[in-house]
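S.K.: One structure coming up, written as structure tokens, with questions to follow.
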Amino acid sequence: MLKYSLSYIWGLFNMSDPVNWNFTAETNAQGRTYIKAYKMAWDKVAKKPKRALRRHVGRLLPDDRIAMSEKFLADHPQYRGQDWYWGASKRPVTLAEYKNDFPSPPGTAADSDNSDMLGNISVGLTWAAYQFAHHSGILKHLKQVFGDDTGEQLLYLALYKLADGTSMMTYDFWRQQVWLPKNIRMSGQKISEILQSVTKPQINEYFQLRHLRQGEVWEKIFEKQPELKAKKIEYALDSTSISSYSDNPLAQFGHAKQDESLKQINLTVVCDQRSGEIVFAYLYDGSVNDVVSLQDVLWAMKEANFDLNNNILVTDRGYNSLINVQKMINIDLSFVQGVKRQEDVIKRAFKKHRASLMNGAFYNGRLRASAFTYKEEWEQGQLKCPVYVHLYRLDERYEQQRALIWENVAEMIELKQRQERVPSDQWDNYGRYLVERKNKDGSSSWMIDTAKMDWAAEKATQFVLRSNCISNPFEALEIYRHRGIVEQDFNQMKNWVDGDRLRVGAKAVQGKMLVTVLATTLRMMMLFTAKAVIEKKPGYRIPNDSIDYLLKSLEMVKAEKRKNANAWVRNTIPAKRRRCFELLELPEPPRTLLVESR
């Protein structure tokens with residue numbers, strides 16, 4: 001049985017047709033590289049394409065010239081009469097084509113400044129992230145504030161963190177394995193000096209530029225969607241604590257959720273809810289809580305010359321206080337703020353308007369919430385300033401809370417019946433729902449206090465927002481729910497770019513924070529771009545629904561160093577990795593990638 005058709009095999013032996021031939025370079029054990037020609041044919045048995053014919057072309061010389069064999073030249077006389085070089089397209093090319101691919105002239109030694117870089121490097125992730133930094137203006141603004149050299153170095157450190165870099169001491173090993181536009185060597189000492197050179201005023205200037213750019217971005221959006229022009233740009237603000245080993249005065253013992261033995265520094269970030277980009281970051285004393293910190297953060301933004309006239313600041317209940325509300329009103333800042341239910345006026349309002357919140361006329365099925373709004377009168381100088389208080393009943397929370405209480409109390413009853421100890425934290429949280437009944441024989445039986453359970457579940461449905469600019473309660477709720485993006489920023493920063501620790505000296509804390517924020521911003525930009533593409537193209541999806549998987553897939557795109565040119569040639573990209581670049585709305589990296597030696 002013939003594996004290939006006779007007509008196809010006859011076509012393969014048509015040696016005068018070089019166009020249909022593929023070429024490859026093979027290196028033997030002695031280090032000599034030879035160029036081979038081959039053709040592909042369909043193997044009917046294996047049911048896949050295979051190389052059906054191979055021909056020796058010649059040896060690849062150190063200057064990338066191909067010393068073609070006499071037999072190959074006899075079969076292909078069109079190759080006689082001039083020199084041929086191994087091109088970026090992995091085919092024999094003329095000298096002119098070769099020079100177009102590789103700026104360094106053939107025959108010269110490889111640039112010794114790049115001699116420490118590997119012959120096979122990863123190019124996909126660093127190239128893609130660099131494109132985001134370039135097109136979004138991040139690189140431009142870094143250079144504008146910190147100077148060309150330091151600005152580019154800070155970006156490279158951010159790319160290192162984006163690629164799961166850990167200790168800055170190992171940056172130089174990573175640099176040798178990846179493509180970067182410039183081969184900048186940075187020892188641990190050099191990196192420490194760079195981070196220490198970053199000052200708080202410079203960080204404020206950088207973020208001011210990023211804030212101004214958001215206005216430019218939204219102007220372009222408004223051109224396409226003029227109906228959005230009346231709406232303000234939503235900024236979400238939140239804080240997190242970062243464990244620190246430094247002796248920085250900001251590092252203090254506070255309310256740490258983990259690593260209680262370590263001091264912490266609090267970090268507040270402000271992000272654009274539509275893009276996820278962090279437009280402001282501020283470090284402050286680790287012992288200060290969120291409520292107290294808000295005034296300092298607002299002052300820091302004012303000090304950084306932030307004009308927030310076109311923005312709405314969205315904060316959670318951790319920042320809720322009457323003093324903070326008055327502060328935002330005094331500076332004429334539009335806001336949507338989560339409100340704690342502990343305020344007596346809020347408790348009374350829920351009792352007063354409970355019937356309305358249970359009425360279908362006040363219900364929004366898409367948001368699964370009922371809402372009632374009333375006004376509070378606040379003062380801004382001599383003027384009265386109305387503030388809208390939005391009361392909500394969130395249906396789904398009732399069943400969630402009731403099920404949570406029931407499951408825990410049922411487990412406690414089983415433990416009691418077996419006379420086993422109930423865990424202390426479980427008893428503290430759910431013991432009040434447990435009722436003990438004495439039997440006639442003196443034994444005890446246990447049951448759930450369903451009245452308390454139902455009342456606790458009903459309280460869990462209650463939610464409150466205050467806003468001085470959004471009168472529609474459902475619009476305010478949608479804006480508030482968007483603030484989950486800032487939580488996603490913190491998740492990316494702490495879990496994926498090594499931002500949960502500040503393992504640097506006191507003088508380098510500001511610089512390390514900036515690098516971490518840059519890496520987080522690039523990661524969020526890539527995530528948001530991929531999600532936007534998926535919305536436009538339903539057939540697309542993030543591989544394994546994981547942005548981390550997507551970035552790792554990009555790292556698999558490799559390039560090989562040319563012997564005599566300061567350039568690397570990208571390998572062919574499989575279809576599933578090409579889709580990753582499409583998700584990021586980027587073309588494939590160029591076939592030839594140059595590296596400027598420094």
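Chain lettering (A, B, ...) mirrors the order of the structure tokens, residue numbering begins at 1 for each chain separately, and ligand numbering begins at 1 in order of display.
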Going by DSSP on the backbone, which bits of stretch 41-254 of chain A are alpha helix (DSSP H)? Write them as a PyMOL selection string, please.

M.R.: chain A and resi 70-75+95-101+124-135+138-146+148-162+171-175+188-197+200-224

S.K.: Give me the residues within 12 Å of A:Gln342 as a ChimeraX atom specification, counting only C-alpha atoms and dropping any in the same chain fewer than 2 places off.

M.R.: /A:317,320-321,339-340,344-350,459,462-464

S.K.: Selected residues, N, CA and C atoms, written as a PDB file, in the first residue's frame, please.

M.R.:
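Result file is result.pdb:
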ATOM      1  N   ARG A 317     -17.304  51.000  52.636  1.00  0.00           N
ATOM      2  CA  ARG A 317     -17.764  51.376  53.974  1.00  0.00           C
ATOM      3  C   ARG A 317     -16.626  51.614  54.957  1.00  0.00           C
ATOM      4  N   ASN A 320     -16.263  55.223  55.619  1.00  0.00           N
ATOM      5  CA  ASN A 320     -17.482  55.949  55.982  1.00  0.00           C
ATOM      6  C   ASN A 320     -17.370  56.635  57.341  1.00  0.00           C
ATOM      7  N   SER A 321     -17.560  57.918  57.327  1.00  0.00           N
ATOM      8  CA  SER A 321     -17.713  58.718  58.541  1.00  0.00           C
ATOM      9  C   SER A 321     -18.329  60.033  58.133  1.00  0.00           C
ATOM     10  N   VAL A 339     -21.970  52.993  53.171  1.00  0.00           N
ATOM     11  CA  VAL A 339     -22.312  53.502  54.499  1.00  0.00           C
ATOM     12  C   VAL A 339     -22.542  52.332  55.451  1.00  0.00           C
ATOM     13  N   LYS A 340     -21.988  52.458  56.661  1.00  0.00           N
ATOM     14  CA  LYS A 340     -22.229  51.431  57.674  1.00  0.00           C
ATOM     15  C   LYS A 340     -23.636  51.581  58.251  1.00  0.00           C
ATOM     16  N   ASP A 344     -27.485  55.608  63.759  1.00  0.00           N
ATOM     17  CA  ASP A 344     -28.866  55.540  64.254  1.00  0.00           C
ATOM     18  C   ASP A 344     -29.858  56.035  63.210  1.00  0.00           C
ATOM     19  N   VAL A 345     -29.485  57.081  62.483  1.00  0.00           N
ATOM     20  CA  VAL A 345     -30.399  57.621  61.482  1.00  0.00           C
ATOM     21  C   VAL A 345     -30.660  56.611  60.374  1.00  0.00           C
ATOM     22  N   ILE A 346     -29.659  55.785  60.063  1.00  0.00           N
ATOM     23  CA  ILE A 346     -29.816  54.754  59.026  1.00  0.00           C
ATOM     24  C   ILE A 346     -30.722  53.641  59.535  1.00  0.00           C
ATOM     25  N   LYS A 347     -30.538  53.255  60.803  1.00  0.00           N
ATOM     26  CA  LYS A 347     -31.403  52.206  61.380  1.00  0.00           C
ATOM     27  C   LYS A 347     -32.857  52.640  61.362  1.00  0.00           C
ATOM     28  N   ARG A 348     -33.091  53.901  61.728  1.00  0.00           N
ATOM     29  CA  ARG A 348     -34.463  54.404  61.739  1.00  0.00           C
ATOM     30  C   ARG A 348     -35.039  54.466  60.320  1.00  0.00           C
ATOM     31  N   ALA A 349     -34.182  54.817  59.354  1.00  0.00           N
ATOM     32  CA  ALA A 349     -34.655  54.923  57.968  1.00  0.00           C
ATOM     33  C   ALA A 349     -35.089  53.561  57.441  1.00  0.00           C
ATOM     34  N   PHE A 350     -34.359  52.501  57.778  1.00  0.00           N
ATOM     35  CA  PHE A 350     -34.734  51.161  57.308  1.00  0.00           C
ATOM     36  C   PHE A 350     -36.072  50.729  57.916  1.00  0.00           C
ATOM     37  N   LYS A 459     -31.339  41.499  58.040  1.00  0.00           N
ATOM     38  CA  LYS A 459     -30.367  42.593  58.219  1.00  0.00           C
ATOM     39  C   LYS A 459     -29.253  42.511  57.182  1.00  0.00           C
ATOM     40  N   GLN A 462     -29.628  44.447  53.981  1.00  0.00           N
ATOM     41  CA  GLN A 462     -29.613  45.908  54.018  1.00  0.00           C
ATOM     42  C   GLN A 462     -28.256  46.459  53.572  1.00  0.00           C
ATOM     43  N   PHE A 463     -28.317  47.425  52.691  1.00  0.00           N
ATOM     44  CA  PHE A 463     -27.105  48.053  52.169  1.00  0.00           C
ATOM     45  C   PHE A 463     -27.403  49.527  51.936  1.00  0.00           C
ATOM     46  N   VAL A 464     -26.391  50.388  52.133  1.00  0.00           N
ATOM     47  CA  VAL A 464     -26.606  51.831  52.055  1.00  0.00           C
ATOM     48  C   VAL A 464     -25.475  52.496  51.266  1.00  0.00           C
TER      49      VAL A 464
END

S.K.: Apply DSSP to the backbone of this structure and, from stretch 383-522 of chain A, keep only the residues in strand (DSSP E); write these as a VMD selection string.

M.R.: chain A and resid 383 to 394 434 to 438 444 to 448 462 to 467 501 to 502

S.K.: Would you output that residue set with N, CA, C and O atoms, as a short mmCIF file (atom, residue, chain, number, x, y, z; two decimals), in the first residue's frame?

M.R.:
data_model
loop_
_atom_site.label_atom_id
_atom_site.label_comp_id
_atom_site.auth_asym_id
_atom_site.auth_seq_id
_atom_site.Cartn_x
_atom_site.Cartn_y
_atom_site.Cartn_z
N LEU A 383 -23.86 77.49 51.75
CA LEU A 383 -24.84 76.89 50.85
C LEU A 383 -25.31 75.53 51.36
O LEU A 383 -24.56 74.80 52.01
N LYS A 384 -26.56 75.23 51.06
CA LYS A 384 -27.09 73.91 51.37
C LYS A 384 -26.71 72.94 50.25
O LYS A 384 -26.82 73.27 49.07
N CYS A 385 -26.27 71.78 50.64
CA CYS A 385 -25.82 70.81 49.64
C CYS A 385 -26.55 69.49 49.89
O CYS A 385 -26.30 68.81 50.89
N PRO A 386 -27.47 69.11 49.01
CA PRO A 386 -28.20 67.86 49.23
C PRO A 386 -27.33 66.63 48.98
O PRO A 386 -26.53 66.60 48.05
N VAL A 387 -27.48 65.66 49.85
CA VAL A 387 -26.79 64.37 49.69
C VAL A 387 -27.86 63.29 49.65
O VAL A 387 -28.75 63.25 50.51
N TYR A 388 -27.78 62.41 48.64
CA TYR A 388 -28.77 61.35 48.49
C TYR A 388 -28.35 60.13 49.30
O TYR A 388 -27.19 59.67 49.22
N VAL A 389 -29.28 59.62 50.09
CA VAL A 389 -29.05 58.38 50.84
C VAL A 389 -29.89 57.30 50.18
O VAL A 389 -31.12 57.38 50.13
N HIS A 390 -29.20 56.29 49.64
CA HIS A 390 -29.88 55.19 48.93
C HIS A 390 -29.93 53.97 49.85
O HIS A 390 -28.88 53.43 50.24
N LEU A 391 -31.13 53.55 50.20
CA LEU A 391 -31.33 52.33 51.00
C LEU A 391 -31.65 51.17 50.06
O LEU A 391 -32.45 51.33 49.13
N TYR A 392 -31.02 50.02 50.31
CA TYR A 392 -31.23 48.87 49.42
C TYR A 392 -31.61 47.63 50.23
O TYR A 392 -31.18 47.45 51.38
N ARG A 393 -32.40 46.79 49.58
CA ARG A 393 -32.62 45.43 50.06
C ARG A 393 -32.15 44.50 48.95
O ARG A 393 -32.74 44.45 47.87
N LEU A 394 -31.06 43.77 49.22
CA LEU A 394 -30.43 42.89 48.23
C LEU A 394 -30.94 41.47 48.44
O LEU A 394 -30.53 40.77 49.37
N LEU A 434 -28.21 29.33 68.69
CA LEU A 434 -28.39 27.98 69.23
C LEU A 434 -29.22 28.06 70.52
O LEU A 434 -28.89 28.83 71.43
N VAL A 435 -30.30 27.28 70.61
CA VAL A 435 -31.18 27.29 71.77
C VAL A 435 -31.08 25.93 72.48
O VAL A 435 -31.19 24.88 71.84
N GLU A 436 -30.86 25.99 73.79
CA GLU A 436 -30.78 24.77 74.59
C GLU A 436 -32.10 24.54 75.31
O GLU A 436 -32.64 25.46 75.94
N ARG A 437 -32.62 23.33 75.23
CA ARG A 437 -33.85 22.95 75.92
C ARG A 437 -33.55 21.78 76.86
O ARG A 437 -32.91 20.79 76.46
N LYS A 438 -34.02 21.92 78.12
CA LYS A 438 -33.82 20.86 79.10
C LYS A 438 -34.96 19.84 79.02
O LYS A 438 -36.15 20.21 79.03
N SER A 444 -30.07 17.56 77.73
CA SER A 444 -30.29 18.78 76.94
C SER A 444 -30.52 18.42 75.49
O SER A 444 -29.94 17.46 74.96
N SER A 445 -31.37 19.17 74.85
CA SER A 445 -31.54 19.08 73.40
C SER A 445 -31.30 20.47 72.82
O SER A 445 -31.49 21.49 73.51
N TRP A 446 -30.94 20.49 71.54
CA TRP A 446 -30.53 21.75 70.93
C TRP A 446 -31.34 21.99 69.66
O TRP A 446 -31.69 21.06 68.94
N MET A 447 -31.63 23.25 69.40
CA MET A 447 -32.37 23.60 68.20
C MET A 447 -31.96 25.00 67.72
O MET A 447 -31.33 25.77 68.45
N ILE A 448 -32.34 25.32 66.47
CA ILE A 448 -32.01 26.62 65.88
C ILE A 448 -33.07 27.64 66.27
O ILE A 448 -34.27 27.36 66.20
N GLN A 462 -29.63 44.45 53.98
CA GLN A 462 -29.61 45.91 54.02
C GLN A 462 -28.26 46.46 53.57
O GLN A 462 -27.20 46.00 54.02
N PHE A 463 -28.32 47.43 52.69
CA PHE A 463 -27.10 48.05 52.17
C PHE A 463 -27.40 49.53 51.94
O PHE A 463 -28.54 49.90 51.60
N VAL A 464 -26.39 50.39 52.13
CA VAL A 464 -26.61 51.83 52.05
C VAL A 464 -25.47 52.50 51.27
O VAL A 464 -24.31 52.13 51.42
N LEU A 465 -25.85 53.46 50.46
CA LEU A 465 -24.88 54.31 49.76
C LEU A 465 -25.25 55.77 49.98
O LEU A 465 -26.44 56.12 50.07
N ARG A 466 -24.23 56.62 50.06
CA ARG A 466 -24.42 58.06 50.04
C ARG A 466 -23.75 58.62 48.79
O ARG A 466 -22.67 58.18 48.40
N SER A 467 -24.40 59.61 48.18
CA SER A 467 -23.82 60.26 47.01
C SER A 467 -24.33 61.69 46.92
O SER A 467 -25.51 61.95 47.18
N ARG A 501 4.90 41.93 50.01
CA ARG A 501 6.00 42.22 50.91
C ARG A 501 6.82 43.37 50.35
O ARG A 501 6.91 43.54 49.13
N LEU A 502 7.42 44.13 51.23
CA LEU A 502 8.38 45.15 50.83
C LEU A 502 9.72 44.76 51.42
O LEU A 502 10.07 45.13 52.53
#

S.K.: Do you know which residues are at most 10 Å from stretch 198-215 of chain A counting only C-alpha atoms, after dropping those on the same chain fewer than 2 positions away, and could you put them as a PyMOL selection string?

M.R.: chain A and resi 136-138+140-146+150+154+193-196+217-221+233+270-272+275+277-283+300-308+310-311+507-514

S.K.: Using only C-alpha atoms, which of A:Gly539, A:Pro423, A:Gly276, A:Gly318 sits nearest A:Asp290?

M.R.: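 The shortest atom-to-atom distance to A:Asp290 comes from A:Gly318.
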
S.K.: Would you mind telling me which residue in A:Arg562, A:Ile542, A:Trp406, A:Val595 lies nearest to A:Asp63 when using only C-alpha atoms?

M.R.: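 Among A:Arg562, A:Ile542, A:Trp406, A:Val595, it is A:Arg562 that comes nearest to A:Asp63.
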
S.K.: Mind checking which residues fall within 8 Å of A:Asp395, counting only C-alpha atoms, ignoring those fewer than 4 positions away in the same chain, and posting them as a count of residues only?

M.R.: 5

S.K.: Using only C-alpha atoms, which residues sit within 12 Å of stretch 128-134 of chain A once same-chain residues fewer than 3 positions away are excluded, as JSON, numbers by chain?

M.R.: {"A": [122, 123, 124, 125, 137, 138, 139, 140, 141, 142, 143, 151, 152, 154, 155, 156, 157, 158, 159, 160, 161, 162, 163, 179, 180, 181, 182, 210, 277, 518, 519, 520, 521, 522, 523, 524, 525, 526, 527, 528, 529, 550, 551, 553, 554, 555, 557, 578, 580, 581, 582, 583, 584, 585, 586, 587, 588, 589, 590]}

S.K.: Could you save the residues just selected, with C-alpha atoms, as a PDB file, in the first residue's frame?

M.R.:
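Contents of part-v7.pdb, as written:
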ATOM      1  CA  SER A 122      11.794  34.297  25.450  1.00  0.00           C
ATOM      2  CA  VAL A 123      10.294  37.226  23.541  1.00  0.00           C
ATOM      3  CA  GLY A 124       6.486  37.025  23.637  1.00  0.00           C
ATOM      4  CA  LEU A 125       5.629  38.389  27.087  1.00  0.00           C
ATOM      5  CA  GLY A 137       2.245  56.413  27.382  1.00  0.00           C
ATOM      6  CA  ILE A 138       3.603  54.746  30.531  1.00  0.00           C
ATOM      7  CA  LEU A 139       7.161  54.646  29.158  1.00  0.00           C
ATOM      8  CA  LYS A 140       6.891  58.221  27.908  1.00  0.00           C
ATOM      9  CA  HIS A 141       5.744  59.492  31.299  1.00  0.00           C
ATOM     10  CA  LEU A 142       8.402  57.503  33.179  1.00  0.00           C
ATOM     11  CA  LYS A 143      11.100  59.061  31.026  1.00  0.00           C
ATOM     12  CA  GLY A 151      12.604  55.723  33.376  1.00  0.00           C
ATOM     13  CA  GLU A 152      13.455  52.792  31.113  1.00  0.00           C
ATOM     14  CA  LEU A 154      12.055  51.266  36.140  1.00  0.00           C
ATOM     15  CA  LEU A 155       9.931  49.843  33.322  1.00  0.00           C
ATOM     16  CA  TYR A 156      12.286  46.866  32.898  1.00  0.00           C
ATOM     17  CA  LEU A 157      12.062  46.149  36.629  1.00  0.00           C
ATOM     18  CA  ALA A 158       8.272  46.257  36.313  1.00  0.00           C
ATOM     19  CA  LEU A 159       8.418  43.798  33.390  1.00  0.00           C
ATOM     20  CA  TYR A 160      10.570  41.547  35.568  1.00  0.00           C
ATOM     21  CA  LYS A 161       7.903  41.603  38.310  1.00  0.00           C
ATOM     22  CA  LEU A 162       5.187  41.014  35.707  1.00  0.00           C
ATOM     23  CA  ALA A 163       7.063  37.882  34.616  1.00  0.00           C
ATOM     24  CA  TRP A 179      14.081  40.149  24.875  1.00  0.00           C
ATOM     25  CA  LEU A 180      14.232  43.758  25.976  1.00  0.00           C
ATOM     26  CA  PRO A 181      14.837  46.680  23.593  1.00  0.00           C
ATOM     27  CA  LYS A 182      18.037  47.516  25.453  1.00  0.00           C
ATOM     28  CA  ARG A 210      -1.422  59.343  34.168  1.00  0.00           C
ATOM     29  CA  GLU A 277      -5.305  51.404  35.516  1.00  0.00           C
ATOM     30  CA  LEU A 518       3.568  49.555  37.253  1.00  0.00           C
ATOM     31  CA  ALA A 519       3.597  45.758  36.963  1.00  0.00           C
ATOM     32  CA  THR A 520       0.044  45.569  38.326  1.00  0.00           C
ATOM     33  CA  THR A 521      -1.173  48.231  35.896  1.00  0.00           C
ATOM     34  CA  LEU A 522       0.323  46.451  32.873  1.00  0.00           C
ATOM     35  CA  ARG A 523      -1.231  43.168  33.961  1.00  0.00           C
ATOM     36  CA  MET A 524      -4.643  44.813  34.421  1.00  0.00           C
ATOM     37  CA  MET A 525      -4.403  46.554  31.041  1.00  0.00           C
ATOM     38  CA  MET A 526      -3.758  43.212  29.378  1.00  0.00           C
ATOM     39  CA  LEU A 527      -6.623  41.573  31.274  1.00  0.00           C
ATOM     40  CA  PHE A 528      -9.089  44.343  30.387  1.00  0.00           C
ATOM     41  CA  THR A 529      -8.035  44.301  26.732  1.00  0.00           C
ATOM     42  CA  LEU A 550      -2.152  33.630  28.951  1.00  0.00           C
ATOM     43  CA  LEU A 551       1.043  35.389  30.109  1.00  0.00           C
ATOM     44  CA  SER A 553       1.765  31.130  26.981  1.00  0.00           C
ATOM     45  CA  LEU A 554       3.367  34.330  25.708  1.00  0.00           C
ATOM     46  CA  GLU A 555       6.611  33.392  27.451  1.00  0.00           C
ATOM     47  CA  VAL A 557       7.344  32.403  22.146  1.00  0.00           C
ATOM     48  CA  ARG A 578      -1.192  33.619  17.913  1.00  0.00           C
ATOM     49  CA  CYS A 580      -3.067  35.189  22.650  1.00  0.00           C
ATOM     50  CA  PHE A 581      -1.714  38.168  20.696  1.00  0.00           C
ATOM     51  CA  GLU A 582      -5.121  38.631  19.067  1.00  0.00           C
ATOM     52  CA  LEU A 583      -6.713  38.738  22.530  1.00  0.00           C
ATOM     53  CA  LEU A 584      -4.339  41.574  23.410  1.00  0.00           C
ATOM     54  CA  GLU A 585      -5.044  43.312  20.094  1.00  0.00           C
ATOM     55  CA  LEU A 586      -1.376  43.078  19.183  1.00  0.00           C
ATOM     56  CA  PRO A 587       0.304  41.782  16.024  1.00  0.00           C
ATOM     57  CA  GLU A 588       2.815  38.987  16.348  1.00  0.00           C
ATOM     58  CA  PRO A 589       6.316  40.105  17.367  1.00  0.00           C
ATOM     59  CA  PRO A 590       8.426  40.929  14.289  1.00  0.00           C
TER      60      PRO A 590
END

S.K.: Suppose you want the space between atom CA of A:Gly58 and atom CA of A:Met117; what is it in Å?

M.R.: 27.9 Å

S.K.: One number please: atom CA of A:Lys190 to atom CA of A:Ile121, in Å, one decimal.

M.R.: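 Result for atom CA of A:Lys190 versus atom CA of A:Ile121: 23.7 Å, one decimal.
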
S.K.: Each residue of stretch 307-407 of chain A lying at most 8 Å from stretch 234-241 of chain A should get a row with its shortest atom-to-atom pair and the distance in Å to one decimal, counting only C-alpha atoms; could you produce that, ordered by chain and increasing number, as JSON lines?

M.R.:
{"residue": "A:Asn311", "atom": "CA", "partner": "A:Glu234", "partner_atom": "CA", "distance": 5.7}
{"residue": "A:Ile312", "atom": "CA", "partner": "A:Glu234", "partner_atom": "CA", "distance": 4.8}
{"residue": "A:Leu313", "atom": "CA", "partner": "A:Tyr235", "partner_atom": "CA", "distance": 5.0}
{"residue": "A:Val314", "atom": "CA", "partner": "A:Ala236", "partner_atom": "CA", "distance": 4.7}
{"residue": "A:Thr315", "atom": "CA", "partner": "A:Leu237", "partner_atom": "CA", "distance": 5.4}
{"residue": "A:Asp316", "atom": "CA", "partner": "A:Asp238", "partner_atom": "CA", "distance": 7.4}
